[in-house]
>>> print(open('structure20.cif').read())   # mmCIF, C-alpha atoms
data_protein
#
loop_
_atom_site.group_PDB
_atom_site.id
_atom_site.type_symbol
_atom_site.label_atom_id
_atom_site.label_comp_id
_atom_site.auth_asym_id
_atom_site.auth_seq_id
_atom_site.Cartn_x
_atom_site.Cartn_y
_atom_site.Cartn_z
ATOM 1 C CA MET M 1 20.091 4.450 13.235
ATOM 2 C CA ASP M 2 18.080 6.319 10.613
ATOM 3 C CA GLN M 3 15.665 8.052 12.980
ATOM 4 C CA ILE M 4 13.124 8.979 10.290
ATOM 5 C CA GLN M 5 13.032 5.397 9.004
ATOM 6 C CA ALA M 6 12.703 4.065 12.571
ATOM 7 C CA MET M 7 9.779 6.401 13.195
ATOM 8 C CA ARG M 8 8.103 5.194 9.993
ATOM 9 C CA VAL M 9 8.565 1.585 11.081
ATOM 10 C CA PHE M 10 7.131 2.316 14.535
ATOM 11 C CA VAL M 11 4.072 4.106 13.091
ATOM 12 C CA ARG M 12 3.449 1.219 10.682
ATOM 13 C CA VAL M 13 3.688 -1.373 13.485
ATOM 14 C CA VAL M 14 1.144 0.564 15.545
ATOM 15 C CA GLU M 15 -1.234 0.880 12.599
ATOM 16 C CA ALA M 16 -0.821 -2.717 11.442
ATOM 17 C CA GLY M 17 -1.158 -4.169 14.940
ATOM 18 C CA ASN M 18 1.754 -6.599 14.638
ATOM 19 C CA PHE M 19 5.313 -6.895 13.365
ATOM 20 C CA THR M 20 4.591 -9.359 10.562
ATOM 21 C CA ARG M 21 1.960 -7.224 8.799
ATOM 22 C CA ALA M 22 4.107 -4.119 9.265
ATOM 23 C CA ALA M 23 7.142 -5.870 7.768
ATOM 24 C CA ASP M 24 5.113 -7.136 4.796
ATOM 25 C CA SER M 25 3.673 -3.705 4.047
ATOM 26 C CA LEU M 26 7.120 -2.063 4.292
ATOM 27 C CA ASP M 27 8.843 -4.802 2.229
ATOM 28 C CA LEU M 28 11.292 -5.351 5.071
ATOM 29 C CA PRO M 29 12.370 -8.536 6.874
ATOM 30 C CA LYS M 30 10.588 -8.985 10.195
ATOM 31 C CA GLY M 31 13.955 -9.056 11.951
ATOM 32 C CA THR M 32 14.799 -5.623 10.564
ATOM 33 C CA VAL M 33 11.522 -4.205 11.870
ATOM 34 C CA THR M 34 12.194 -5.692 15.310
ATOM 35 C CA LYS M 35 15.716 -4.215 15.419
ATOM 36 C CA GLN M 36 14.436 -0.796 14.309
ATOM 37 C CA ILE M 37 11.908 -0.738 17.156
ATOM 38 C CA GLN M 38 14.505 -1.874 19.685
ATOM 39 C CA ALA M 39 16.930 0.820 18.522
ATOM 40 C CA LEU M 40 14.190 3.462 18.691
ATOM 41 C CA GLU M 41 13.229 2.447 22.224
ATOM 42 C CA ALA M 42 16.900 2.573 23.233
ATOM 43 C CA ARG M 43 17.219 6.040 21.727
ATOM 44 C CA VAL M 44 14.165 7.537 23.467
ATOM 45 C CA ARG M 45 14.789 5.458 26.643
ATOM 46 C CA VAL M 46 11.178 4.391 27.107
ATOM 47 C CA LYS M 47 9.210 1.280 26.236
ATOM 48 C CA LEU M 48 6.922 2.076 23.296
ATOM 49 C CA LEU M 49 5.309 -1.320 22.658
ATOM 50 C CA ASN M 50 4.148 -4.302 24.685
ATOM 51 C CA ARG M 51 4.799 -7.517 22.759
ATOM 52 C CA THR M 52 3.183 -10.931 23.120
ATOM 53 C CA THR M 53 3.339 -13.934 20.803
ATOM 54 C CA ARG M 54 0.008 -12.958 19.214
ATOM 55 C CA ARG M 55 -0.252 -9.162 19.243
ATOM 56 C CA VAL M 56 1.377 -5.834 19.896
ATOM 57 C CA THR M 57 -0.134 -3.120 22.078
ATOM 58 C CA VAL M 58 1.017 0.442 22.592
ATOM 59 C CA THR M 59 2.208 1.677 25.965
ATOM 60 C CA PRO M 60 0.985 5.077 27.212
ATOM 61 C CA ASP M 61 4.365 6.565 26.264
ATOM 62 C CA GLY M 62 4.138 4.794 22.912
ATOM 63 C CA ALA M 63 0.689 6.252 22.230
ATOM 64 C CA ALA M 64 1.954 9.772 22.894
ATOM 65 C CA TYR M 65 5.023 9.149 20.725
ATOM 66 C CA TYR M 66 2.860 7.734 17.922
ATOM 67 C CA GLU M 67 0.620 10.824 17.791
ATOM 68 C CA ARG M 68 3.561 13.208 17.492
ATOM 69 C CA ALA M 69 5.561 10.970 15.169
ATOM 70 C CA ALA M 70 2.629 10.570 12.783
ATOM 71 C CA ARG M 71 2.189 14.354 12.630
ATOM 72 C CA LEU M 72 5.915 14.935 12.086
ATOM 73 C CA LEU M 73 6.070 12.362 9.296
ATOM 74 C CA ASN M 74 3.057 13.934 7.597
ATOM 75 C CA ASP M 75 4.737 17.347 7.809
ATOM 76 C CA PHE M 76 7.968 15.861 6.472
ATOM 77 C CA ASP M 77 6.152 14.225 3.539
ATOM 78 C CA ASP M 78 4.308 17.491 2.801
ATOM 79 C CA LEU M 79 7.620 19.370 2.808
ATOM 80 C CA GLU M 80 9.219 16.918 0.401
ATOM 81 C CA ALA M 81 6.163 16.904 -1.866
ATOM 82 C CA SER M 82 6.158 20.701 -2.030
ATOM 83 C CA MET M 83 9.767 20.633 -3.258
ATOM 84 C CA VAL M 84 9.082 18.154 -6.055
ATOM 85 C CA ASN M 85 8.507 19.558 -9.509
ATOM 86 C CA THR M 86 4.751 19.498 -10.108
ATOM 87 C CA GLN M 87 5.377 18.222 -13.633
ATOM 88 C CA THR M 88 7.042 15.042 -12.360
ATOM 89 C CA ALA M 89 5.039 12.022 -13.446
ATOM 90 C CA PRO M 90 3.316 10.094 -10.625
ATOM 91 C CA SER M 91 5.274 6.995 -9.657
ATOM 92 C CA GLY M 92 5.614 4.297 -7.035
ATOM 93 C CA ARG M 93 3.633 1.392 -5.676
ATOM 94 C CA LEU M 94 -0.132 1.888 -5.541
ATOM 95 C CA ARG M 95 -2.125 -0.492 -3.307
ATOM 96 C CA LEU M 96 -5.776 -0.761 -4.369
ATOM 97 C CA ASP M 97 -8.703 -2.883 -3.220
ATOM 98 C CA VAL M 98 -11.804 -3.455 -5.373
ATOM 99 C CA GLY M 99 -14.859 -5.725 -5.207
ATOM 100 C CA SER M 100 -14.490 -8.898 -7.259
ATOM 101 C CA SER M 101 -17.150 -8.289 -9.939
ATOM 102 C CA MET M 102 -16.192 -4.640 -10.288
ATOM 103 C CA ALA M 103 -12.544 -5.591 -10.691
ATOM 104 C CA ARG M 104 -13.288 -8.256 -13.314
ATOM 105 C CA LEU M 105 -15.830 -6.337 -15.387
ATOM 106 C CA ILE M 106 -14.979 -2.644 -14.957
ATOM 107 C CA ILE M 107 -11.516 -1.930 -13.538
ATOM 108 C CA ILE M 108 -9.182 -4.580 -14.969
ATOM 109 C CA PRO M 109 -10.376 -4.248 -18.610
ATOM 110 C CA ALA M 110 -9.615 -0.526 -18.446
ATOM 111 C CA LEU M 111 -6.343 -0.670 -16.489
ATOM 112 C CA THR M 112 -4.194 -0.786 -19.623
ATOM 113 C CA GLU M 113 -5.331 2.780 -20.282
ATOM 114 C CA PHE M 114 -4.226 3.846 -16.786
ATOM 115 C CA CYS M 115 -0.880 2.019 -17.067
ATOM 116 C CA GLU M 116 -0.140 3.600 -20.441
ATOM 117 C CA ARG M 117 -0.901 7.027 -19.005
ATOM 118 C CA TYR M 118 1.170 6.443 -15.837
ATOM 119 C CA PRO M 119 3.908 3.930 -16.744
ATOM 120 C CA ASP M 120 5.873 4.543 -13.523
ATOM 121 C CA ILE M 121 3.043 3.434 -11.194
ATOM 122 C CA GLN M 122 3.148 -0.186 -10.027
ATOM 123 C CA ILE M 123 -0.267 -1.567 -9.000
ATOM 124 C CA ASP M 124 -0.963 -4.056 -6.211
ATOM 125 C CA LEU M 125 -4.624 -4.937 -6.777
ATOM 126 C CA GLY M 126 -6.494 -6.597 -3.927
ATOM 127 C CA VAL M 127 -9.750 -8.181 -5.091
ATOM 128 C CA GLY M 128 -12.641 -9.320 -2.905
ATOM 129 C CA ASP M 129 -15.891 -8.248 -1.315
ATOM 130 C CA ARG M 130 -14.601 -8.178 2.270
ATOM 131 C CA LEU M 131 -14.120 -4.845 4.017
ATOM 132 C CA VAL M 132 -10.498 -3.795 4.394
ATOM 133 C CA ASP M 133 -9.020 -1.455 6.988
ATOM 134 C CA LEU M 134 -7.119 1.077 4.906
ATOM 135 C CA ILE M 135 -4.807 2.008 7.792
ATOM 136 C CA SER M 136 -3.912 -1.398 9.257
ATOM 137 C CA ASP M 137 -3.885 -3.117 5.842
ATOM 138 C CA ASN M 138 -1.785 -0.280 4.370
ATOM 139 C CA VAL M 139 -4.106 0.208 1.392
ATOM 140 C CA ASP M 140 -3.924 3.493 -0.539
ATOM 141 C CA CYS M 141 -7.547 3.506 -1.719
ATOM 142 C CA VAL M 142 -10.561 1.287 -2.321
ATOM 143 C CA ILE M 143 -13.589 1.385 -4.594
ATOM 144 C CA ARG M 144 -16.747 0.231 -2.866
ATOM 145 C CA GLY M 145 -20.493 0.373 -3.284
ATOM 146 C CA GLY M 146 -22.764 1.348 -0.411
ATOM 147 C CA GLU M 147 -23.164 3.999 2.229
ATOM 148 C CA LEU M 148 -20.022 4.997 4.109
ATOM 149 C CA SER M 149 -19.652 3.478 7.577
ATOM 150 C CA ASP M 150 -16.312 5.046 8.570
ATOM 151 C CA GLN M 151 -16.663 8.813 8.615
ATOM 152 C CA SER M 152 -12.942 9.286 9.367
ATOM 153 C CA LEU M 153 -12.052 8.343 5.786
ATOM 154 C CA VAL M 154 -12.150 10.608 2.752
ATOM 155 C CA ALA M 155 -14.564 9.546 0.019
ATOM 156 C CA ARG M 156 -15.353 10.785 -3.465
ATOM 157 C CA ARG M 157 -18.590 9.629 -4.992
ATOM 158 C CA ILE M 158 -17.972 8.508 -8.565
ATOM 159 C CA GLY M 159 -21.194 6.781 -9.558
ATOM 160 C CA SER M 160 -24.094 4.605 -8.496
ATOM 161 C CA MET M 161 -25.168 1.030 -9.044
ATOM 162 C CA ASN M 162 -28.687 0.235 -10.184
ATOM 163 C CA TRP M 163 -30.149 -3.236 -9.744
ATOM 164 C CA VAL M 164 -32.148 -5.732 -11.739
ATOM 165 C CA THR M 165 -33.954 -8.850 -10.485
ATOM 166 C CA VAL M 166 -33.000 -11.945 -12.490
ATOM 167 C CA ALA M 167 -33.120 -15.728 -12.670
ATOM 168 C CA SER M 168 -31.842 -18.348 -15.084
ATOM 169 C CA PRO M 169 -34.155 -19.754 -17.789
ATOM 170 C CA ALA M 170 -33.741 -23.232 -16.243
ATOM 171 C CA TYR M 171 -34.900 -21.994 -12.838
ATOM 172 C CA LEU M 172 -37.956 -20.256 -14.303
ATOM 173 C CA ALA M 173 -38.837 -23.356 -16.319
ATOM 174 C CA ARG M 174 -38.941 -25.379 -13.085
ATOM 175 C CA HIS M 175 -40.585 -22.855 -10.765
ATOM 176 C CA GLY M 176 -42.465 -20.398 -12.975
ATOM 177 C CA VAL M 177 -42.169 -16.619 -13.199
ATOM 178 C CA PRO M 178 -42.999 -14.663 -10.014
ATOM 179 C CA GLN M 179 -45.688 -12.010 -10.332
ATOM 180 C CA HIS M 180 -45.123 -10.259 -7.000
ATOM 181 C CA PRO M 181 -42.134 -9.974 -4.603
ATOM 182 C CA SER M 182 -44.158 -11.634 -1.827
ATOM 183 C CA GLU M 183 -43.991 -14.901 -3.809
ATOM 184 C CA LEU M 184 -40.243 -15.046 -3.164
ATOM 185 C CA ASP M 185 -41.021 -15.870 0.481
ATOM 186 C CA THR M 186 -43.500 -18.645 -0.317
ATOM 187 C CA LYS M 187 -43.200 -20.101 -3.826
ATOM 188 C CA HIS M 188 -39.608 -19.459 -4.844
ATOM 189 C CA GLN M 189 -35.986 -19.699 -3.809
ATOM 190 C CA ILE M 190 -33.477 -16.877 -3.821
ATOM 191 C CA VAL M 191 -29.716 -16.783 -3.972
ATOM 192 C CA ALA M 192 -28.709 -14.976 -0.780
ATOM 193 C CA PHE M 193 -25.770 -12.626 -0.244
ATOM 194 C CA PHE M 194 -24.133 -12.110 3.144
ATOM 195 C CA SER M 195 -21.419 -9.887 4.564
ATOM 196 C CA GLY M 196 -18.064 -11.592 4.882
ATOM 197 C CA HIS M 197 -17.331 -9.247 7.795
ATOM 198 C CA THR M 198 -20.507 -9.466 9.907
ATOM 199 C CA ARG M 199 -22.147 -12.598 8.345
ATOM 200 C CA ARG M 200 -25.367 -10.533 8.026
ATOM 201 C CA MET M 201 -27.737 -11.651 5.254
ATOM 202 C CA TYR M 202 -28.872 -8.890 2.934
ATOM 203 C CA PRO M 203 -32.574 -8.920 1.969
ATOM 204 C CA LEU M 204 -33.860 -8.288 -1.541
ATOM 205 C CA GLU M 205 -35.441 -4.829 -1.784
ATOM 206 C CA PHE M 206 -38.338 -3.797 -4.020
ATOM 207 C CA GLN M 207 -40.034 -0.458 -4.655
ATOM 208 C CA ARG M 208 -43.070 0.431 -6.758
ATOM 209 C CA GLY M 209 -44.523 3.881 -6.277
ATOM 210 C CA ASP M 210 -45.067 4.342 -2.538
ATOM 211 C CA GLU M 211 -44.867 0.597 -1.856
ATOM 212 C CA SER M 212 -41.640 -0.798 -0.444
ATOM 213 C CA ILE M 213 -40.935 -4.461 0.351
ATOM 214 C CA GLU M 214 -37.964 -6.325 1.817
ATOM 215 C CA VAL M 215 -37.761 -10.064 1.167
ATOM 216 C CA ALA M 216 -35.569 -12.380 3.230
ATOM 217 C CA GLY M 217 -36.554 -15.393 1.089
ATOM 218 C CA ASN M 218 -35.665 -19.070 1.286
ATOM 219 C CA TYR M 219 -32.304 -20.094 -0.094
ATOM 220 C CA ARG M 220 -30.238 -23.172 -0.803
ATOM 221 C CA ILE M 221 -27.040 -21.195 -1.434
ATOM 222 C CA ALA M 222 -25.711 -17.965 0.092
ATOM 223 C CA ALA M 223 -22.440 -16.338 -0.969
ATOM 224 C CA ASN M 224 -20.279 -13.466 0.247
ATOM 225 C CA ASP M 225 -18.502 -12.893 -3.083
ATOM 226 C CA SER M 226 -20.194 -11.230 -6.034
ATOM 227 C CA ASN M 227 -18.657 -13.553 -8.634
ATOM 228 C CA ALA M 228 -19.791 -16.643 -6.699
ATOM 229 C CA TYR M 229 -23.217 -15.036 -6.211
ATOM 230 C CA THR M 230 -23.595 -14.516 -9.966
ATOM 231 C CA ALA M 231 -22.389 -18.047 -10.700
ATOM 232 C CA ALA M 232 -25.051 -19.462 -8.348
ATOM 233 C CA VAL M 233 -27.779 -17.522 -10.177
ATOM 234 C CA LEU M 234 -26.516 -18.767 -13.546
ATOM 235 C CA ALA M 235 -26.534 -22.323 -12.178
ATOM 236 C CA GLY M 236 -30.270 -22.053 -11.471
ATOM 237 C CA PHE M 237 -30.257 -21.870 -7.669
ATOM 238 C CA GLY M 238 -32.790 -19.067 -7.467
ATOM 239 C CA ILE M 239 -33.789 -15.453 -7.992
ATOM 240 C CA ALA M 240 -31.334 -12.683 -7.193
ATOM 241 C CA GLN M 241 -30.630 -8.998 -7.639
ATOM 242 C CA LEU M 242 -27.542 -8.073 -9.637
ATOM 243 C CA VAL M 243 -25.997 -4.751 -10.558
ATOM 244 C CA THR M 244 -27.480 -3.800 -13.931
ATOM 245 C CA ALA M 245 -24.061 -3.071 -15.452
ATOM 246 C CA PHE M 246 -22.938 -6.603 -14.583
ATOM 247 C CA ALA M 247 -26.209 -8.373 -15.425
ATOM 248 C CA GLN M 248 -27.108 -6.727 -18.745
ATOM 249 C CA PRO M 249 -24.648 -8.727 -20.895
ATOM 250 C CA LEU M 250 -26.005 -11.949 -19.371
ATOM 251 C CA ILE M 251 -29.577 -10.829 -20.073
ATOM 252 C CA ASP M 252 -28.664 -9.886 -23.650
ATOM 253 C CA SER M 253 -27.094 -13.303 -24.203
ATOM 254 C CA GLY M 254 -30.137 -15.123 -22.791
ATOM 255 C CA GLU M 255 -28.214 -16.629 -19.856
ATOM 256 C CA LEU M 256 -30.410 -14.688 -17.417
ATOM 257 C CA VAL M 257 -33.973 -13.379 -17.591
ATOM 258 C CA GLU M 258 -35.258 -10.233 -15.894
ATOM 259 C CA VAL M 259 -38.245 -10.771 -13.597
ATOM 260 C CA LEU M 260 -40.522 -8.338 -11.745
ATOM 261 C CA PRO M 261 -39.440 -5.506 -14.080
ATOM 262 C CA GLU M 262 -42.050 -3.071 -12.716
ATOM 263 C CA TRP M 263 -40.326 -3.192 -9.309
ATOM 264 C CA THR M 264 -37.158 -1.156 -8.802
ATOM 265 C CA GLN M 265 -34.451 -1.247 -6.147
ATOM 266 C CA PRO M 266 -32.776 1.714 -4.405
ATOM 267 C CA PRO M 267 -29.521 2.590 -6.211
ATOM 268 C CA LEU M 268 -26.259 2.067 -4.326
ATOM 269 C CA PRO M 269 -23.653 4.865 -4.382
ATOM 270 C CA ILE M 270 -20.095 4.046 -5.483
ATOM 271 C CA HIS M 271 -17.188 5.769 -3.754
ATOM 272 C CA VAL M 272 -13.452 5.771 -4.075
ATOM 273 C CA VAL M 273 -12.172 5.974 -0.504
ATOM 274 C CA TYR M 274 -8.731 6.802 0.901
ATOM 275 C CA PRO M 275 -7.185 7.625 4.298
ATOM 276 C CA PRO M 276 -7.483 11.197 5.586
ATOM 277 C CA ASN M 277 -3.884 12.280 4.949
ATOM 278 C CA ARG M 278 -3.529 16.002 4.515
ATOM 279 C CA HIS M 279 -1.233 15.417 1.554
ATOM 280 C CA LEU M 280 -2.737 13.193 -1.125
ATOM 281 C CA SER M 281 0.120 11.571 -3.044
ATOM 282 C CA ALA M 282 0.350 12.116 -6.779
ATOM 283 C CA LYS M 283 -0.159 8.412 -7.543
ATOM 284 C CA VAL M 284 -3.362 8.230 -5.463
ATOM 285 C CA ARG M 285 -4.684 11.474 -6.933
ATOM 286 C CA ALA M 286 -3.973 10.158 -10.435
ATOM 287 C CA PHE M 287 -5.941 6.969 -9.771
ATOM 288 C CA VAL M 288 -8.850 8.751 -8.079
ATOM 289 C CA ASP M 289 -9.238 11.158 -11.006
ATOM 290 C CA TRP M 290 -8.901 8.324 -13.540
ATOM 291 C CA ALA M 291 -11.488 6.169 -11.746
ATOM 292 C CA ALA M 292 -13.951 9.084 -11.577
ATOM 293 C CA ASP M 293 -13.554 9.629 -15.324
ATOM 294 C CA LEU M 294 -13.890 5.892 -16.043
ATOM 295 C CA PHE M 295 -17.189 5.642 -14.163
ATOM 296 C CA ALA M 296 -18.485 8.879 -15.704
ATOM 297 C CA ARG M 297 -18.024 7.259 -19.132
ATOM 298 C CA HIS M 298 -19.972 4.133 -18.159
ATOM 299 C CA PRO M 299 -23.680 4.703 -18.980
ATOM 300 C CA GLN M 300 -24.954 2.233 -16.359
ATOM 301 C CA LEU M 301 -22.779 3.555 -13.529
ATOM 302 C CA GLN M 302 -23.693 7.209 -13.766
ATOM 303 C CA ARG M 303 -24.396 9.118 -10.592
ATOM 304 C CA SER M 304 -28.063 9.370 -9.715
#
>>> encode(input="structure20.cif", output="structure tokens")
Amino acid sequence: MDQIQAMRVFVRVVEAGNFTRAADSLDLPKGTVTKQIQALEARVRVKLLNRTTRRVTVTPDGAAYYERAARLLNDFDDLEASMVNTQTAPSGRLRLDVGSSMARLIIIPALTEFCERYPDIQIDLGVGDRLVDLISDNVDCVIRGGELSDQSLVARRIGSMNWVTVASPAYLARHGVPQHPSELDTKHQIVAFFSGHTRRMYPLEFQRGDESIEVAGNYRIAANDSNAYTAAVLAGFGIAQLVTAFAQPLIDSGELVEVLPEWTQPPLPIHVVYPPNRHLSAKVRAFVDWAADLFARHPQLQRS
């Protein structure tokens, strides 16, 4: 048995919560993962995991073994990294996760530049507006807008998203142009956005001087994906707030119209987030630095 490999498999199973997800993230057959754990348990002569048909839990001995194994593997990786020539080009498989609109409009159009700069990095790009667990989902880093909820992760702020309130010309022709945010509760419909994780509906926010208003609004359609949300606005289902960088081309083309322009919305910070490993791999560092530079060059995603 390769003890180091068996320890890596065990740590991944604990973090992923089951054998199937661990096997997928390690690119190993599930049977191989099972045999590695069995061989490891035979070697240390204690039961490390409790298995059921639906989930895996860690025994008390397994929890203690996990803590020490994770530290040893980190030390081992640091030792190997310190021996590698610093001029070696970053390489390997990089697992990213990005919101759908940001991926479509910002990241993917610029990725050819990153791939030309780092030809030995292979990218697995997860796209969606759901929250991912970087540890259990085995994701190297994510780009997300909003305040950080998990303080155990490492985050680098790379920009901010400003908002604009918009509607389609067809919607405004049917319902008129609102003059005050309060009308969105009584005379208008909104397109609502909700969290795919908690199902919580997000209100529309408005600020003008010292006045601040939150509007829940009435809606016919709510979405938990930014591309679907934008499509619903374009289809005339109501008034919505979009990120200015994403909405401006649609405003310039006449597909959307800005409303309530004297009211602003609080900007949303953008972070690139990664697990708190003491050693940040060269491929992750390369992407983090590239993403920070990409957003710094985008005039509507500058830090505020």
>>> closest_atom_pairs(input="structure20.cif", of="stretch 77-127 of chain M", to="stretch 219-231 of chain M", cutoff="9 Å", atoms="only C-alpha atoms", output="Markdown table")
| residue | atom | partner | partner_atom | distance |
| --- | --- | --- | --- | --- |
| M:Gly99 | CA | M:Ser226 | CA | 7.7 |
| M:Ser100 | CA | M:Ser226 | CA | 6.3 |
| M:Ser101 | CA | M:Asn227 | CA | 5.6 |
| M:Met102 | CA | M:Ser226 | CA | 8.8 |
| M:Arg104 | CA | M:Asn227 | CA | 8.9 |
>>> residues_around(input="structure20.cif", residues="M:Val288", least_positions_apart="5", cutoff="9 Å", atoms="all atoms listed in the file", output="NGL selection string")
:M and (141 or 156 or 272-273 or 283 or 293)
>>> closest_residue(input="structure20.cif", among="M:Ala110, M:His271, M:Gly217, M:Tyr65", to="M:Leu153", atoms="all atoms listed in the file")
M:His271
>>> resolve_selection(input="structure20.cif", expression="the PyMOL selection byres ((chain M and resi 195) around 12)", output="list in words")
Gly128, Asp129, Arg130, Leu131, Ala192, Phe193, Phe194, Gly196, His197, Thr198, Arg199, Arg200, Met201, Tyr202, Pro203, Ala222, Ala223, Asn224, Asp225 and Ser226 of chain M
>>> closest_atom_pairs(input="structure20.cif", of="stretch 95-205 of chain M", to="stretch 19-33 of chain M", cutoff="12 Å", atoms="all atoms listed in the file", output="CSV")
residue,atom,partner,partner_atom,distance
M:Arg95,CA,M:Ser25,CA,9.9
M:Asp124,CA,M:Ser25,CA,11.3
M:Leu134,CA,M:Ser25,CA,11.8
M:Ile135,CA,M:Ser25,CA,10.9
M:Ser136,CA,M:Arg21,CA,8.3
M:Asp137,CA,M:Arg21,CA,7.7
M:Asn138,CA,M:Ser25,CA,6.5
M:Val139,CA,M:Ser25,CA,9.1
M:Asp140,CA,M:Ser25,CA,11.4
>>> resolve_selection(input="structure20.cif", expression="the PyMOL selection byres ((chain M and resi 263) around 6)", output="VMD selection string")
chain M and resid 206 to 208 260 to 262 264
>>> atom_distance(input="structure20.cif", atom1="atom CA of M:Gly209", atom2="atom CA of M:Pro266")
12.1 Å
>>> resolve_selection(input="structure20.cif", expression="the PyMOL selection byres ((chain M and resi 160) around 12)", output="PyMOL selection string")
chain M and resi 143-147+156-159+161-163+243-245+266-272+292+295-296+298-304
>>> residues_around(input="structure20.cif", residues="M:Ile4", least_positions_apart="3", cutoff="8 Å", atoms="all atoms listed in the file", output="list in words")
Met7, Arg8 and Leu73 of chain M
>>> axis_aligned_box(input="structure20.cif", around="stretch 260-264 of chain M", padding_each_side="5 Å", output="lines of an AutoDock Vina configuration file")
center_x = -39.6
center_y = -4.7
center_z = -11.4
size_x = 14.9
size_y = 17.2
size_z = 15.3
>>> residues_near_point(input="structure20.cif", point="(-33.8, -21.3, -11.1)", cutoff="6 Å", atoms="only C-alpha atoms", output="number ranges by chain")
M: 167-168, 170-172, 236-238
>>> residues_around(input="structure20.cif", residues="M:Ser152", least_positions_apart="3", cutoff="12 Å", atoms="all atoms listed in the file", output="VMD selection string")
chain M and resid 133 to 135 148 to 149 155 273 to 277
>>> closest_residue(input="structure20.cif", among="M:Val284, M:Val14, M:Val9, M:Val127", to="M:Ser91", atoms="all atoms listed in the file")
M:Val284
>>> closest_residue(input="structure20.cif", among="M:Cys115, M:Leu242, M:Ile107, M:Ile190", to="M:Val164", atoms="all atoms listed in the file")
M:Leu242
>>> atom_distance(input="structure20.cif", atom1="atom CA of M:Thr34", atom2="atom CA of M:Val11")
12.9 Å
>>> closest_residue(input="structure20.cif", among="M:Ala291, M:Arg54, M:Asp97, M:Val259", to="M:Gln179", atoms="only C-alpha atoms")
M:Val259
>>> atom_distance(input="structure20.cif", atom1="atom CA of M:Leu94", atom2="atom CA of M:Val58")
28.2 Å
>>> closest_residue(input="structure20.cif", among="M:Leu96, M:Ala63, M:Pro90, M:Gln189", to="M:Ile121", atoms="only C-alpha atoms")
M:Pro90
>>> residues_around(input="structure20.cif", residues="M:Leu184", least_positions_apart="3", cutoff="9 Å", atoms="only C-alpha atoms", output="list in words")
Pro178, His180, Pro181, Lys187, His188, Gln189, Ile190, Val215, Ala216, Gly217, Asn218 and Ile239 of chain M
>>> build_atoms(input="structure20.cif", residues="stretch 227-239 of chain M", atoms="N, CA and C atoms", output="tab-separated table (two decimals), in the frame of the given file")
chain	number	residue	atom	x	y	z
M	227	ASN	N	-18.82	-12.61	-7.52
M	227	ASN	CA	-18.66	-13.55	-8.63
M	227	ASN	C	-19.31	-14.89	-8.32
M	228	ALA	N	-19.15	-15.39	-7.09
M	228	ALA	CA	-19.79	-16.64	-6.70
M	228	ALA	C	-21.31	-16.49	-6.68
M	229	TYR	N	-21.78	-15.33	-6.25
M	229	TYR	CA	-23.22	-15.04	-6.21
M	229	TYR	C	-23.81	-15.11	-7.62
M	230	THR	N	-23.13	-14.48	-8.58
M	230	THR	CA	-23.60	-14.52	-9.97
M	230	THR	C	-23.56	-15.93	-10.52
M	231	ALA	N	-22.50	-16.67	-10.21
M	231	ALA	CA	-22.39	-18.05	-10.70
M	231	ALA	C	-23.53	-18.91	-10.17
M	232	ALA	N	-23.95	-18.69	-8.92
M	232	ALA	CA	-25.05	-19.46	-8.35
M	232	ALA	C	-26.37	-19.15	-9.05
M	233	VAL	N	-26.57	-17.89	-9.43
M	233	VAL	CA	-27.78	-17.52	-10.18
M	233	VAL	C	-27.76	-18.19	-11.55
M	234	LEU	N	-26.63	-18.14	-12.23
M	234	LEU	CA	-26.52	-18.77	-13.55
M	234	LEU	C	-26.73	-20.28	-13.48
M	235	ALA	N	-26.37	-20.88	-12.34
M	235	ALA	CA	-26.53	-22.32	-12.18
M	235	ALA	C	-27.96	-22.72	-11.84
M	236	GLY	N	-28.87	-21.74	-11.68
M	236	GLY	CA	-30.27	-22.05	-11.47
M	236	GLY	C	-30.69	-22.25	-10.03
M	237	PHE	N	-29.92	-21.67	-9.07
M	237	PHE	CA	-30.26	-21.87	-7.67
M	237	PHE	C	-31.33	-20.92	-7.15
M	238	GLY	N	-31.72	-19.92	-7.94
M	238	GLY	CA	-32.79	-19.07	-7.47
M	238	GLY	C	-32.77	-17.69	-8.09
M	239	ILE	N	-33.62	-16.83	-7.54
M	239	ILE	CA	-33.79	-15.45	-7.99
M	239	ILE	C	-32.85	-14.56	-7.19
